[in-house]
>>> print(open('data.csv').read())   # CSV, C-alpha atoms
chain,number,residue,atom,x,y,z
V,1,MET,CA,2.3,-23.1,32.1
V,2,VAL,CA,0.5,-25.4,29.7
V,3,ALA,CA,-2.7,-23.8,28.4
V,4,VAL,CA,-5.8,-26.0,28.1
V,5,GLU,CA,-6.9,-24.0,25.0
V,6,ARG,CA,-3.7,-25.2,23.2
V,7,THR,CA,-4.1,-28.8,24.4
V,8,ALA,CA,-5.7,-31.8,22.6
V,9,LEU,CA,-7.7,-34.2,24.6
V,10,ILE,CA,-7.0,-37.8,23.5
V,11,LEU,CA,-9.7,-40.2,24.7
V,12,LEU,CA,-8.5,-43.8,24.4
V,13,ALA,CA,-11.5,-46.0,23.6
V,14,ALA,CA,-9.9,-48.9,21.8
V,15,GLY,CA,-8.8,-52.2,23.2
V,16,ALA,CA,-9.8,-55.8,23.5
V,17,SER,CA,-11.3,-55.5,27.1
V,18,ARG,CA,-10.3,-59.2,27.6
V,19,ARG,CA,-10.8,-59.1,31.3
V,20,PHE,CA,-14.4,-57.7,30.9
V,21,GLY,CA,-15.7,-60.4,28.7
V,22,ALA,CA,-17.7,-60.4,25.4
V,23,ALA,CA,-20.0,-57.5,26.2
V,24,ASP,CA,-19.2,-54.0,24.9
V,25,LYS,CA,-17.7,-52.5,28.1
V,26,LEU,CA,-17.9,-48.9,27.0
V,27,ALA,CA,-21.6,-49.2,26.2
V,28,ALA,CA,-22.4,-50.7,29.7
V,29,ASP,CA,-24.9,-48.6,31.6
V,30,VAL,CA,-23.6,-46.6,34.6
V,31,GLY,CA,-26.3,-44.5,36.1
V,32,GLY,CA,-28.3,-44.1,32.9
V,33,ARG,CA,-25.3,-43.2,30.7
V,34,PRO,CA,-22.9,-45.5,28.8
V,35,LEU,CA,-19.6,-46.0,30.7
V,36,GLY,CA,-17.6,-44.5,27.9
V,37,LEU,CA,-19.5,-41.3,27.9
V,38,HIS,CA,-19.0,-40.4,31.5
V,39,VAL,CA,-15.6,-38.8,31.1
V,40,VAL,CA,-16.9,-37.2,27.8
V,41,ALA,CA,-19.6,-35.5,29.8
V,42,ALA,CA,-17.3,-34.6,32.7
V,43,LEU,CA,-14.9,-32.8,30.4
V,44,ALA,CA,-17.5,-31.3,28.0
V,45,ASP,CA,-17.0,-27.7,29.2
V,46,VAL,CA,-13.2,-27.8,29.3
V,47,PRO,CA,-12.0,-25.6,26.4
V,48,PHE,CA,-9.6,-28.0,24.7
V,49,ALA,CA,-8.1,-27.0,21.3
V,50,ALA,CA,-9.2,-30.4,19.9
V,51,ARG,CA,-10.9,-33.6,21.1
V,52,ILE,CA,-9.7,-36.9,19.6
V,53,ALA,CA,-11.3,-40.3,20.3
V,54,VAL,CA,-9.3,-43.4,19.3
V,55,VAL,CA,-11.7,-46.3,18.8
V,56,ASP,CA,-11.6,-49.8,17.4
V,57,GLY,CA,-15.3,-50.7,16.9
V,58,CYS,CA,-16.9,-49.1,19.9
V,59,ARG,CA,-20.6,-48.4,19.2
V,60,LEU,CA,-20.6,-45.0,21.0
V,61,ASP,CA,-20.9,-41.9,18.8
V,62,PHE,CA,-18.0,-39.8,20.1
V,63,ALA,CA,-18.3,-37.6,17.0
V,64,ALA,CA,-21.7,-36.4,18.2
V,65,HIS,CA,-19.9,-35.0,21.2
V,66,GLY,CA,-17.3,-33.0,19.2
V,67,TYR,CA,-14.6,-35.6,18.9
V,68,ARG,CA,-12.6,-36.3,15.8
V,69,VAL,CA,-12.8,-40.1,15.7
V,70,ILE,CA,-9.7,-42.1,14.6
V,71,ARG,CA,-10.1,-45.8,14.1
V,72,ASN,CA,-7.3,-48.0,15.4
V,73,ASP,CA,-7.4,-51.1,13.2
V,74,ASP,CA,-4.6,-52.7,15.2
V,75,ALA,CA,-5.9,-52.2,18.7
V,76,ALA,CA,-4.9,-55.7,19.7
V,77,SER,CA,-1.2,-54.7,19.4
V,78,GLY,CA,-1.5,-52.6,22.5
V,79,MET,CA,-2.3,-49.2,23.9
V,80,ALA,CA,0.8,-47.6,22.4
V,81,GLY,CA,-0.7,-47.8,19.0
V,82,SER,CA,-3.7,-45.8,20.1
V,83,ILE,CA,-1.5,-43.2,21.8
V,84,ARG,CA,0.6,-42.9,18.7
V,85,LEU,CA,-2.5,-42.3,16.5
V,86,GLY,CA,-3.9,-39.7,18.9
V,87,VAL,CA,-0.6,-37.8,19.4
V,88,ALA,CA,0.1,-37.8,15.6
V,89,ARG,CA,-3.4,-36.1,15.1
V,90,ALA,CA,-2.8,-33.7,17.9
V,91,LYS,CA,0.7,-32.8,16.5
V,92,ALA,CA,-0.8,-32.3,13.0
V,93,GLU,CA,-3.3,-29.9,14.5
V,94,GLY,CA,-0.6,-27.8,16.2
V,95,ALA,CA,-1.4,-28.7,19.8
V,96,ASP,CA,1.1,-27.6,22.5
V,97,ALA,CA,0.2,-30.6,24.8
V,98,VAL,CA,-2.0,-33.6,25.0
V,99,LEU,CA,-4.2,-34.9,27.8
V,100,ILE,CA,-4.6,-38.7,27.6
V,101,VAL,CA,-7.7,-40.0,29.2
V,102,LEU,CA,-9.2,-43.5,29.3
V,103,ALA,CA,-12.8,-43.9,28.3
V,104,ASP,CA,-13.3,-46.6,31.0
V,105,MET,CA,-12.6,-44.1,33.9
V,106,PRO,CA,-16.1,-42.8,34.6
V,107,ARG,CA,-15.3,-40.8,37.7
V,108,VAL,CA,-12.7,-38.4,36.3
V,109,THR,CA,-13.6,-34.8,37.0
V,110,ALA,CA,-12.9,-31.5,35.3
V,111,GLY,CA,-11.6,-30.3,38.7
V,112,HIS,CA,-9.0,-33.1,38.7
V,113,VAL,CA,-8.0,-32.2,35.2
V,114,ALA,CA,-7.6,-28.6,36.2
V,115,ARG,CA,-5.1,-29.7,38.9
V,116,LEU,CA,-3.1,-31.5,36.3
V,117,PHE,CA,-2.8,-28.4,34.2
V,118,ALA,CA,-1.9,-26.3,37.3
V,119,ALA,CA,1.1,-28.7,37.8
V,120,ALA,CA,2.4,-28.5,34.3
V,121,GLU,CA,5.0,-25.9,33.9
V,122,ASP,CA,6.2,-26.1,30.2
V,123,GLY,CA,6.4,-28.1,27.0
V,124,ASP,CA,8.6,-30.7,28.7
V,125,ALA,CA,5.9,-31.4,31.3
V,126,VAL,CA,4.6,-34.9,32.1
V,127,VAL,CA,2.0,-34.7,34.8
V,128,ALA,CA,0.1,-37.9,35.8
V,129,SER,CA,-2.7,-38.8,38.2
V,130,SER,CA,-2.1,-40.9,41.3
V,131,ASP,CA,-4.3,-42.5,43.9
V,132,GLY,CA,-1.4,-41.9,46.3
V,133,VAL,CA,0.1,-45.3,45.5
V,134,ARG,CA,0.0,-45.9,41.7
V,135,PRO,CA,0.5,-43.3,39.0
V,136,MET,CA,-2.0,-43.5,36.1
V,137,PRO,CA,-4.0,-41.6,33.5
V,138,PRO,CA,-5.3,-39.1,33.0
V,139,ALA,CA,-1.9,-37.8,32.1
V,140,LEU,CA,-0.7,-34.5,30.5
V,141,PHE,CA,2.2,-34.4,28.2
V,142,GLY,CA,3.8,-31.2,26.8
V,143,ALA,CA,4.8,-31.0,23.1
V,144,ASP,CA,8.5,-31.7,23.9
V,145,ARG,CA,7.3,-35.2,24.8
V,146,PHE,CA,5.4,-35.9,21.6
V,147,ASP,CA,8.4,-37.7,19.9
V,148,ALA,CA,8.7,-40.1,22.8
V,149,LEU,CA,5.0,-40.8,22.8
V,150,LEU,CA,5.1,-41.4,19.0
V,151,ALA,CA,7.9,-44.0,19.6
V,152,LEU,CA,6.0,-46.1,22.2
V,153,GLU,CA,5.4,-49.8,21.6
V,154,GLY,CA,3.2,-52.5,23.2
V,155,ASP,CA,0.5,-52.5,25.7
V,156,ALA,CA,2.3,-50.7,28.5
V,157,GLY,CA,1.6,-47.4,26.6
V,158,ALA,CA,3.3,-44.5,28.4
V,159,ARG,CA,3.6,-46.3,31.7
V,160,ALA,CA,7.3,-45.6,32.1
V,161,MET,CA,6.8,-41.9,31.4
V,162,ILE,CA,3.9,-41.7,33.8
V,163,ARG,CA,5.9,-43.4,36.6
V,164,ALA,CA,8.6,-40.8,36.2
V,165,ALA,CA,6.2,-37.9,35.9
V,166,ARG,CA,5.1,-35.4,38.5
V,167,HIS,CA,2.0,-36.8,40.2
V,168,VAL,CA,-1.2,-35.1,41.2
V,169,VAL,CA,-3.0,-37.2,43.9
V,170,ALA,CA,-6.7,-37.7,43.7
V,171,ASN,CA,-9.2,-39.7,45.7
V,172,ALA,CA,-9.1,-43.3,44.5
V,173,GLY,CA,-12.8,-43.1,43.7
V,174,VAL,CA,-12.1,-40.4,41.0
V,175,LEU,CA,-9.5,-42.6,39.3
V,176,VAL,CA,-11.4,-45.9,39.2
V,177,ASP,CA,-10.7,-47.8,36.0
V,178,VAL,CA,-13.3,-50.3,34.9
V,179,ASP,CA,-11.5,-53.4,33.6
V,180,THR,CA,-13.8,-56.2,34.8
V,181,VAL,CA,-17.5,-56.9,35.4
V,182,GLY,CA,-16.7,-56.7,39.1
V,183,ASP,CA,-15.2,-53.2,38.7
V,184,LEU,CA,-18.4,-52.2,36.9
V,185,ALA,CA,-20.5,-53.5,39.7
V,186,ARG,CA,-18.6,-51.5,42.2
V,187,VAL,CA,-19.0,-48.3,40.1
V,188,VAL,CA,-22.7,-48.9,39.6
V,189,GLY,CA,-23.3,-50.0,43.2
>>> encode(input="data.csv", output="structure tokens")
Amino acid sequence: MVAVERTALILLAAGASRRFGAADKLAADVGGRPLGLHVVAALADVPFAARIAVVDGCRLDFAAHGYRVIRNDDAASGMAGSIRLGVARAKAEGADAVLIVLADMPRVTAGHVARLFAAAEDGDAVVASSDGVRPMPPALFGADRFDALLALEGDAGARAMIRAARHVVANAGVLVDVDTVGDLARVVG
């Protein structure tokens, strides 16, 4: 079993947010809290070995929430670069696994994350979330998968690995991903 205490949480908070528009998406208000801090709050009590936030200019202070902040100066090249930066840091810190979470998923719960860990058997594990139709983050990767994550290229990130993973189904509301102003309105409304 993969232990949460030996796992690095990687929060992906870098990206162009082209579909959202010019506003800082992660700073958008959702129930009195910035969008990008909802998952931070939801996972605050989970005893991860390390917390890593990969950012590209986001105004949110992830360091104040216990995250080691890594700047991705080439976020426009795709999600894979952010994943590589986070996994490299986790590997350097001796993590046995990484949990990759997107900062624009405000409804992710600690309970759902616990179910991902319960489904991970060993260092070769890849366990992803699913709404019953599509696999998606959050996703858990054992250390045996670090080299494959470090070799990723482009904006698809770990999509192929997630598709082939073991899937833990959650209510679609838990896995909402805010990509557009319309998505934000549905989360707020």
>>> atom_distance(input="data.csv", atom1="atom CA of V:Met105", atom2="atom CA of V:Asp122")
26.3 Å
>>> residues_around(input="data.csv", residues="stretch 29-38 of chain V", least_positions_apart="4", cutoff="7 Å", atoms="only C-alpha atoms", output="number ranges by chain")
V: 42, 103-104, 106, 188
>>> closest_residue(input="data.csv", among="V:Ala53, V:Ala156, V:Leu140, V:Ala3", to="V:Asn72", atoms="only C-alpha atoms")
V:Ala53
>>> atom_distance(input="data.csv", atom1="atom CA of V:Ala80", atom2="atom CA of V:Gly111")
26.8 Å
>>> atom_distance(input="data.csv", atom1="atom CA of V:Ile70", atom2="atom CA of V:Arg84")
11.1 Å
>>> closest_residue(input="data.csv", among="V:Val55, V:Ala110, V:Ala50, V:Ile100", to="V:Ala76", atoms="only C-alpha atoms")
V:Val55
>>> closest_residue(input="data.csv", among="V:Cys58, V:Leu150, V:Leu26, V:Leu11", to="V:Val40", atoms="all atoms listed in the file")
V:Leu11
>>> closest_residue(input="data.csv", among="V:Ala125, V:Arg51, V:Met1, V:Gly57", to="V:Lys25", atoms="only C-alpha atoms")
V:Gly57
>>> closest_residue(input="data.csv", among="V:Val168, V:Ala148, V:Val176, V:Leu12", to="V:Gly78", atoms="all atoms listed in the file")
V:Leu12
>>> closest_residue(input="data.csv", among="V:Gly66, V:Ala14, V:Ala8, V:Asp61", to="V:Ala49", atoms="only C-alpha atoms")
V:Ala8
